[in-house]
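For reference, target-v7.cif is printed below; it contains mmCIF, C-alpha atoms (C1' of nucleotides).
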data_coords
#
loop_
_atom_site.label_atom_id
_atom_site.label_comp_id
_atom_site.auth_asym_id
_atom_site.auth_seq_id
_atom_site.Cartn_x
_atom_site.Cartn_y
_atom_site.Cartn_z
CA MET A 1 20.28 79.31 38.88
CA GLY A 2 22.97 76.89 37.80
CA LEU A 3 24.20 76.86 41.37
CA ALA A 4 23.88 73.66 43.39
CA LYS A 5 22.55 74.10 46.92
CA THR A 6 25.46 72.22 48.47
CA GLU A 7 24.72 73.51 51.98
CA ILE A 8 21.64 71.33 52.34
CA PHE A 9 23.58 68.11 51.69
CA THR A 10 26.04 66.18 53.80
CA ASP A 11 29.80 66.52 53.31
CA SER A 12 29.82 62.94 52.11
CA GLN A 13 27.16 63.58 49.49
CA ASN A 14 28.98 66.67 48.26
CA GLU A 15 32.27 64.79 48.13
CA ILE A 16 30.80 62.00 46.02
CA ALA A 17 29.24 64.56 43.69
CA THR A 18 32.53 66.47 43.39
CA PHE A 19 34.48 63.37 42.37
CA ALA A 20 31.72 62.24 40.01
CA LYS A 21 31.57 65.67 38.41
CA VAL A 22 35.21 65.60 37.41
CA PHE A 23 34.61 62.27 35.67
CA GLY A 24 31.55 63.77 34.00
CA HIS A 25 33.42 64.93 30.91
CA PRO A 26 34.80 62.51 28.31
CA ALA A 27 38.00 64.56 27.88
CA ARG A 28 38.91 64.03 31.54
CA VAL A 29 38.04 60.34 31.29
CA ALA A 30 40.30 60.10 28.23
CA ILE A 31 43.13 61.99 29.95
CA LEU A 32 43.00 59.67 32.95
CA GLN A 33 42.91 56.54 30.80
CA TYR A 34 45.92 57.81 28.87
CA LEU A 35 47.82 58.58 32.08
CA PHE A 36 47.08 55.07 33.32
CA GLU A 37 48.49 53.57 30.14
CA LEU A 38 51.78 55.42 30.28
CA ASN A 39 54.50 55.65 32.83
CA THR A 40 55.76 58.97 31.60
CA CYS A 41 53.76 61.71 29.99
CA VAL A 42 53.54 65.40 29.30
CA CYS A 43 50.73 67.76 28.46
CA GLY A 44 51.84 68.04 24.84
CA ASP A 45 51.26 64.34 24.31
CA LEU A 46 47.72 64.78 25.53
CA VAL A 47 47.02 67.61 23.10
CA ASN A 48 48.11 65.32 20.25
CA GLU A 49 46.37 62.26 21.66
CA ILE A 50 43.05 63.98 22.36
CA GLY A 51 41.70 66.34 19.74
CA LEU A 52 41.29 69.46 21.86
CA ALA A 53 43.25 72.72 21.90
CA GLN A 54 46.15 73.14 24.32
CA PRO A 55 44.37 75.64 26.61
CA THR A 56 41.40 73.29 26.86
CA ILE A 57 43.55 70.33 27.86
CA SER A 58 45.41 72.53 30.33
CA GLN A 59 42.11 73.52 31.90
CA HIS A 60 40.94 69.91 32.26
CA LEU A 61 44.32 68.97 33.79
CA LYS A 62 43.90 71.79 36.28
CA GLU A 63 40.57 70.42 37.47
CA LEU A 64 42.01 66.94 37.91
CA LYS A 65 44.97 68.39 39.79
CA GLN A 66 42.76 70.47 42.08
CA LEU A 67 41.00 67.30 43.19
CA GLY A 68 44.38 65.67 43.78
CA LEU A 69 43.79 62.86 41.31
CA ILE A 70 46.86 63.76 39.26
CA LYS A 71 50.12 65.51 40.00
CA GLY A 72 52.50 67.34 37.70
CA THR A 73 56.24 67.72 38.04
CA ILE A 74 58.08 70.30 35.98
CA GLU A 75 60.82 68.86 33.77
CA GLY A 76 62.52 71.59 31.84
CA THR A 77 59.95 73.34 29.72
CA SER A 78 57.47 70.52 29.89
CA VAL A 79 55.39 69.06 32.71
CA CYS A 80 55.18 65.40 33.60
CA TYR A 81 51.63 64.60 34.69
CA CYS A 82 50.70 61.32 36.30
CA ILE A 83 48.09 59.71 38.53
CA ASP A 84 48.37 60.41 42.26
CA THR A 85 47.98 56.80 43.30
CA ASP A 86 47.27 57.47 47.00
CA ASN A 87 44.51 59.95 46.29
CA TRP A 88 43.14 57.76 43.53
CA ALA A 89 42.80 54.91 46.00
CA LYS A 90 41.05 57.18 48.51
CA MET A 91 38.64 58.39 45.84
CA LYS A 92 37.95 54.80 44.80
CA ARG A 93 36.98 53.83 48.34
CA ILE A 94 34.55 56.74 48.53
CA MET A 95 32.99 56.03 45.14
CA ASN A 96 32.76 52.30 45.74
CA ALA A 97 30.97 52.82 49.04
CA PHE A 98 28.36 54.74 47.07
CA LEU A 99 28.16 52.40 44.10
CA ASP A 100 28.14 49.21 46.19
CA GLN A 101 24.99 49.93 48.14
CA ASP A 102 22.89 46.93 49.01
CA LEU A 103 20.52 45.97 46.21
CA SER A 104 19.04 42.94 47.94
CA LYS A 105 16.31 44.67 49.94
CA ASN A 106 15.22 46.80 47.00
CA ASP A 107 12.19 44.95 45.70
CA CYS A 108 9.19 47.23 45.90
CA CYS A 109 8.55 47.75 42.16
CA MET B 1 31.06 76.87 24.40
CA GLY B 2 29.48 74.76 27.15
CA LEU B 3 29.11 71.92 24.66
CA ALA B 4 31.32 68.85 25.08
CA LYS B 5 32.91 67.55 21.85
CA THR B 6 31.60 64.04 22.39
CA GLU B 7 32.28 63.01 18.78
CA ILE B 8 36.05 62.92 19.31
CA PHE B 9 35.81 60.41 22.18
CA THR B 10 35.00 56.71 22.22
CA ASP B 11 31.54 55.44 23.07
CA SER B 12 33.00 53.95 26.22
CA GLN B 13 34.49 57.27 27.33
CA ASN B 14 31.22 59.06 26.67
CA GLU B 15 29.29 56.38 28.52
CA ILE B 16 31.49 56.68 31.61
CA ALA B 17 31.17 60.46 31.52
CA THR B 18 27.39 60.27 31.17
CA PHE B 19 27.03 58.04 34.22
CA ALA B 20 29.49 60.12 36.22
CA LYS B 21 27.69 63.31 35.28
CA VAL B 22 24.40 62.15 36.75
CA PHE B 23 26.19 61.46 40.05
CA GLY B 24 27.80 64.90 39.84
CA HIS B 25 25.06 66.63 41.81
CA PRO B 26 24.55 66.07 45.54
CA ALA B 27 20.76 66.07 45.17
CA ARG B 28 20.90 63.05 42.87
CA VAL B 29 23.37 61.34 45.21
CA ALA B 30 20.98 62.00 48.09
CA ILE B 31 17.97 60.75 46.12
CA LEU B 32 19.74 57.50 45.25
CA GLN B 33 20.92 56.95 48.83
CA TYR B 34 17.37 57.49 50.03
CA LEU B 35 15.97 55.07 47.46
CA PHE B 36 18.50 52.45 48.58
CA GLU B 37 17.43 52.84 52.20
CA LEU B 38 13.75 52.34 51.53
CA ASN B 39 11.74 49.61 49.92
CA THR B 40 8.89 51.87 49.00
CA CYS B 41 8.98 55.53 48.21
CA VAL B 42 7.24 58.35 46.41
CA CYS B 43 8.39 61.65 45.03
CA GLY B 44 6.64 63.53 47.83
CA ASP B 45 8.82 61.82 50.44
CA LEU B 46 11.89 63.02 48.58
CA VAL B 47 10.69 66.62 48.56
CA ASN B 48 10.33 66.45 52.34
CA GLU B 49 13.55 64.52 52.86
CA ILE B 50 15.70 66.74 50.64
CA GLY B 51 15.23 70.48 50.93
CA LEU B 52 14.47 71.28 47.31
CA ALA B 53 11.24 72.32 45.61
CA GLN B 54 9.02 69.69 44.05
CA PRO B 55 9.76 70.66 40.41
CA THR B 56 13.48 70.48 41.13
CA ILE B 57 13.24 66.98 42.59
CA SER B 58 11.05 65.93 39.70
CA GLN B 59 13.69 67.18 37.27
CA HIS B 60 16.49 65.26 39.01
CA LEU B 61 14.33 62.12 39.06
CA LYS B 62 13.79 62.51 35.32
CA GLU B 63 17.53 62.52 34.67
CA LEU B 64 18.04 59.40 36.77
CA LYS B 65 15.14 57.72 34.98
CA GLN B 66 16.47 58.64 31.53
CA LEU B 67 19.71 56.83 32.33
CA GLY B 68 17.69 53.82 33.51
CA LEU B 69 19.07 53.91 37.05
CA ILE B 70 15.62 54.27 38.60
CA LYS B 71 12.12 53.36 37.54
CA GLY B 72 8.80 54.80 38.61
CA THR B 73 5.45 53.10 38.80
CA ILE B 74 2.26 55.10 39.15
CA GLU B 75 0.21 54.25 42.23
CA GLY B 76 -2.92 56.31 42.32
CA THR B 77 -1.94 59.96 42.50
CA SER B 78 1.60 59.23 43.62
CA VAL B 79 4.57 57.60 41.92
CA CYS B 80 6.70 54.87 43.44
CA TYR B 81 10.31 55.38 42.46
CA CYS B 82 12.99 52.79 43.08
CA ILE B 83 16.39 51.62 41.90
CA ASP B 84 16.49 49.60 38.68
CA THR B 85 18.75 46.91 40.06
CA ASP B 86 19.70 45.36 36.70
CA ASN B 87 20.77 48.65 35.18
CA TRP B 88 22.48 49.70 38.42
CA ALA B 89 24.60 46.54 38.24
CA LYS B 90 25.47 47.23 34.60
CA MET B 91 26.48 50.80 35.43
CA LYS B 92 28.58 49.54 38.32
CA ARG B 93 30.54 47.21 36.06
CA ILE B 94 31.27 50.06 33.66
CA MET B 95 32.31 52.48 36.41
CA ASN B 96 34.41 49.89 38.22
CA ALA B 97 36.31 49.03 35.05
CA PHE B 98 37.25 52.70 34.87
CA LEU B 99 38.02 53.19 38.56
CA ASP B 100 39.94 49.92 38.94
CA GLN B 101 42.66 50.70 36.42
CA ASP B 102 46.05 49.29 37.23
CA LEU B 103 48.04 51.56 39.54
CA SER B 104 51.07 49.30 39.83
CA LYS B 105 52.96 50.43 36.72
CA ASN B 106 52.35 54.09 37.41
CA ASP B 107 55.59 55.19 39.02
CA CYS B 108 57.12 57.91 36.86
CA CYS B 109 56.78 60.86 39.30
"C1'" DT C 1 -19.25 67.49 39.72
"C1'" DT C 2 -16.22 69.79 42.57
"C1'" DT C 3 -12.14 69.75 45.23
"C1'" DA C 4 -7.85 68.02 46.84
"C1'" DT C 5 -3.65 65.68 46.13
"C1'" DT C 6 0.41 64.35 43.62
"C1'" DC C 7 3.55 64.68 40.22
"C1'" DA C 8 5.12 66.49 35.49
"C1'" DT C 9 6.05 70.23 32.44
"C1'" DC C 10 6.90 75.01 30.98
"C1'" DG C 11 9.18 79.21 31.24
"C1'" DT C 12 12.76 81.78 33.00
"C1'" DA C 13 16.60 83.86 35.82
"C1'" DA C 14 21.09 83.01 37.67
"C1'" DT C 15 25.15 80.62 37.36
"C1'" DA C 16 28.43 77.04 35.53
"C1'" DT C 17 30.86 74.70 31.88
"C1'" DT C 18 33.23 74.12 27.61
"C1'" DG C 19 36.36 75.49 24.11
"C1'" DC C 20 39.57 78.40 22.01
"C1'" DA C 21 42.28 82.62 20.39
"C1'" DA C 22 45.37 85.62 22.28
"C1'" DT C 23 48.68 86.33 25.43
"C1'" DA C 24 51.72 85.52 29.43
"C1'" DT C 25 55.27 82.89 31.72
"C1'" DA C 26 59.17 80.02 32.29
"C1'" DA C 27 62.90 77.21 30.91
"C1'" DT C 28 66.12 76.03 27.47
"C1'" DA C 29 68.89 76.65 23.09
"C1'" DA C 30 71.41 79.36 19.91
"C1'" DT D 1 70.47 88.48 24.53
"C1'" DT D 2 67.29 86.55 21.48
"C1'" DA D 3 64.77 82.89 19.85
"C1'" DT D 4 62.26 78.63 20.71
"C1'" DT D 5 59.50 75.41 23.10
"C1'" DA D 6 56.01 74.00 26.45
"C1'" DT D 7 52.48 75.05 29.44
"C1'" DA D 8 49.40 78.36 32.01
"C1'" DT D 9 46.25 82.18 32.19
"C1'" DT D 10 42.91 85.53 30.49
"C1'" DG D 11 38.87 86.83 28.21
"C1'" DC D 12 34.96 85.70 25.91
"C1'" DA D 13 31.14 83.44 23.17
"C1'" DA D 14 28.10 79.52 23.06
"C1'" DT D 15 25.73 76.28 25.55
"C1'" DA D 16 24.33 73.62 29.76
"C1'" DT D 17 22.71 73.25 34.45
"C1'" DT D 18 20.18 74.38 38.51
"C1'" DA D 19 16.27 76.01 40.88
"C1'" DC D 20 11.63 77.37 41.30
"C1'" DG D 21 6.97 79.73 40.42
"C1'" DA D 22 3.14 78.91 37.64
"C1'" DT D 23 0.49 75.79 35.46
"C1'" DG D 24 -1.18 71.32 33.59
"C1'" DA D 25 -2.79 66.48 33.91
"C1'" DA D 26 -4.40 62.60 36.30
"C1'" DT D 27 -6.42 60.28 40.00
"C1'" DA D 28 -8.98 60.03 44.29
"C1'" DA D 29 -12.20 61.85 47.72
"C1'" DA D 30 -16.23 64.49 49.02
#
Can I see the file as structure tokens?
Amino acid sequence: MGLAKTEIFTDSQNEIATFAKVFGHPARVAILQYLFELNTCVCGDLVNEIGLAQPTISQHLKELKQLGLIKGTIEGTSVCYCIDTDNWAKMKRIMNAFLDQDLSKNDCC
Amino acid sequence: MGLAKTEIFTDSQNEIATFAKVFGHPARVAILQYLFELNTCVCGDLVNEIGLAQPTISQHLKELKQLGLIKGTIEGTSVCYCIDTDNWAKMKRIMNAFLDQDLSKNDCC
DNA sequence: TTTATTCATCGTAATATTGCAATATAATAA
DNA sequence: TTATTATATTGCAATATTACGATGAATAAA
């Protein structure tokens, strides 16, 4: 089917999966790491930095933007993309709550 | 194409994406949360707990096992699945290094 | 041995994802 | 106005993912 049955899971579970999914492609990981390194940046830099075609980068940027993790401001003919620090912090709290589950009582096997 | 160009990214970027990808489905999030809650568990419990067919759960468990995040020990006709705490801790370090990137210098927009 | 029980695997249909060429759009420069 | 530059969108081919029925394999119970 290729279609996840999201309706049978909690909002929290779906939210974690949605954030994780966007990190589930190395191009988006690379884009985010590059944005963290720089203060200023444009899409064109990313096309040169990462070896993917311009439409492909644009598509990955769109997905990151839809989740609110990055924001883009138009500057002339180019677009300045950067991390949305507030939303990044919110996402981090959600992901950490999932990753930091208690390991101590897990000793059955 | 549906095929990620992993060869143009670093091992670290691919590793992060691989871990993130496995968390990118709510069923696998739900399975892991359930395994964290319990000390003992079998696949059958998961089929009842989560509303997916037994082959589907088995498939998701396989993906988690391939990444080393869970391990399963055969107990008679059933299988006891649980978190692999060592590998979970390793994964957490890798994901946290990615999530905890420095936000302070990011102030261009 | 026969019969359940439990889980894994196979095969397959439906849908999603990835990547890019071609093209559109929008702002600036000449 | 007419380029030029930078990014977005469209359309599509190749591949991946999700879900599940059918079936297989292994153990336990009768």
Which residues of chain A come within 8 Å of chain B, and for each one, what is the closest pair of atoms and their distance in Å to one decimal, counting only C-alpha atoms, sorted by chain and residue number, as CSV?
residue,atom,partner,partner_atom,distance
A:Ala4,CA,B:His25,CA,7.3
A:Thr6,CA,B:Pro26,CA,6.9
A:Ile8,CA,B:Gly51,CA,6.6
A:Phe9,CA,B:Pro26,CA,6.6
A:Gln13,CA,B:Pro26,CA,5.3
A:Asn14,CA,B:Pro26,CA,5.2
A:Ile16,CA,B:Gly24,CA,7.5
A:Ala17,CA,B:Gly24,CA,4.1
A:Thr18,CA,B:Gly24,CA,6.1
A:Phe19,CA,B:Gly24,CA,7.3
A:Ala20,CA,B:Gly24,CA,4.7
A:Lys21,CA,B:Gly24,CA,4.1
A:Val22,CA,B:Gly24,CA,7.8
A:Phe23,CA,B:Ala20,CA,5.6
A:Gly24,CA,B:Lys21,CA,4.1
A:His25,CA,B:Ala17,CA,5.0
A:Pro26,CA,B:Asn14,CA,5.2
A:Ala27,CA,B:Phe9,CA,7.4
A:Val29,CA,B:Gln13,CA,6.1
A:Ala30,CA,B:Gln13,CA,6.5
A:Gln33,CA,B:Phe98,CA,8.0
A:Phe36,CA,B:Asn106,CA,6.7
A:Leu38,CA,B:Asn106,CA,7.3
A:Asn39,CA,B:Asn106,CA,5.3
A:Thr40,CA,B:Cys108,CA,5.5
A:Ile50,CA,B:Ile8,CA,7.7
A:Gly51,CA,B:Ile8,CA,6.6
A:Gly72,CA,B:Cys109,CA,7.9
A:Thr73,CA,B:Cys109,CA,7.0
A:Cys80,CA,B:Cys109,CA,7.5
A:Tyr81,CA,B:Cys109,CA,7.9
A:Cys82,CA,B:Cys109,CA,6.8
A:Ile83,CA,B:Asn106,CA,7.1
A:Thr85,CA,B:Leu103,CA,6.4
A:Lys92,CA,B:Leu99,CA,6.4
A:Phe98,CA,B:Gln33,CA,8.0
A:Leu99,CA,B:Lys92,CA,6.5
A:Asp100,CA,B:Lys92,CA,7.9
A:Gln101,CA,B:Phe36,CA,7.0
A:Asp102,CA,B:Phe36,CA,7.1
A:Leu103,CA,B:Thr85,CA,6.5
A:Lys105,CA,B:Asn39,CA,6.7
A:Asn106,CA,B:Asn39,CA,5.3
A:Asp107,CA,B:Asn39,CA,6.3
A:Cys108,CA,B:Asn39,CA,5.3
A:Cys109,CA,B:Cys82,CA,6.8
Residue nearest DA27 in chain C among D:DA22, D:DA30, D:DC12, D:DA6 (counting only C-alpha atoms (C1' of nucleotides)): D:DA6
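Between C1' of DT9 in chain C and C1' of DT23 in chain D the interatomic distance comes to 8.4 Å.
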Pick out the chain A residues within 7 Å of chain C. Count only C-alpha atoms (C1' of nucleotides). Give them as a PyMOL selection string. chain A and resi 1-3+53+56+76-77
Here's the selection I'm unsure about, the PyMOL selection byres ((chain D) within 12 of (chain B)); applied to the file above, which residues does it give, as a list in words?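 For this structure, the PyMOL selection byres ((chain D) within 12 of (chain B)) captures DC12, DA13, DA14, DT15, DA16, DT17, DT18, DA19, DC20, DG21, DA22, DT23, DA25, DA26, DT27, DA28 and DA29 of chain D.
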Emit as JSON the padded axis-aligned box for all listed atoms of range 82-100 of chain A, 3 Å per side, with centre and edge lengths in Å to one decimal.
{"center_x": 39.4, "center_y": 55.3, "center_z": 42.7, "size_x": 28.6, "size_y": 18.1, "size_z": 18.7}
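Counting all atoms listed in the file, the residue from A:Asn48, A:Ile70, A:Ser58, A:Asn87 that sits nearest to DA8 in chain D is A:Ser58.
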File output for range 29-67 of chain A (C-alpha atoms) as a short mmCIF file (atom, residue, chain, number, x, y, z; two decimals), in the first residue's frame:
data_model
loop_
_atom_site.label_atom_id
_atom_site.label_comp_id
_atom_site.auth_asym_id
_atom_site.auth_seq_id
_atom_site.Cartn_x
_atom_site.Cartn_y
_atom_site.Cartn_z
CA VAL A 29 20.66 16.05 6.97
CA ALA A 30 23.41 17.65 4.88
CA ILE A 31 21.31 20.75 4.17
CA LEU A 32 20.59 21.24 7.86
CA GLN A 33 24.22 20.75 8.86
CA TYR A 34 25.25 23.30 6.24
CA LEU A 35 22.65 25.80 7.45
CA PHE A 36 23.93 25.36 11.00
CA GLU A 37 27.48 26.12 9.90
CA LEU A 38 26.63 29.35 8.13
CA ASN A 39 25.00 32.52 9.22
CA THR A 40 23.91 33.48 5.75
CA CYS A 41 23.01 31.17 2.93
CA VAL A 42 21.07 30.78 -0.27
CA CYS A 43 19.73 27.84 -2.20
CA GLY A 44 22.39 28.19 -4.89
CA ASP A 45 25.13 27.55 -2.35
CA LEU A 46 23.42 24.33 -1.41
CA VAL A 47 23.26 23.13 -5.01
CA ASN A 48 27.03 23.64 -5.26
CA GLU A 49 27.74 22.25 -1.81
CA ILE A 50 25.61 19.12 -2.19
CA GLY A 51 25.80 17.25 -5.47
CA LEU A 52 22.13 17.25 -6.40
CA ALA A 53 20.25 19.15 -9.11
CA GLN A 54 18.60 22.47 -8.28
CA PRO A 55 15.00 21.16 -8.45
CA THR A 56 15.93 18.33 -6.11
CA ILE A 57 17.44 20.66 -3.52
CA SER A 58 14.44 22.96 -3.86
CA GLN A 59 12.15 20.04 -3.14
CA HIS A 60 14.08 18.99 -0.02
CA LEU A 61 14.06 22.61 1.19
CA LYS A 62 10.30 22.68 0.73
CA GLU A 63 9.83 19.67 2.99
CA LEU A 64 12.01 21.20 5.69
CA LYS A 65 10.10 24.47 5.39
CA GLN A 66 6.71 22.75 5.60
CA LEU A 67 7.71 21.27 8.95
#
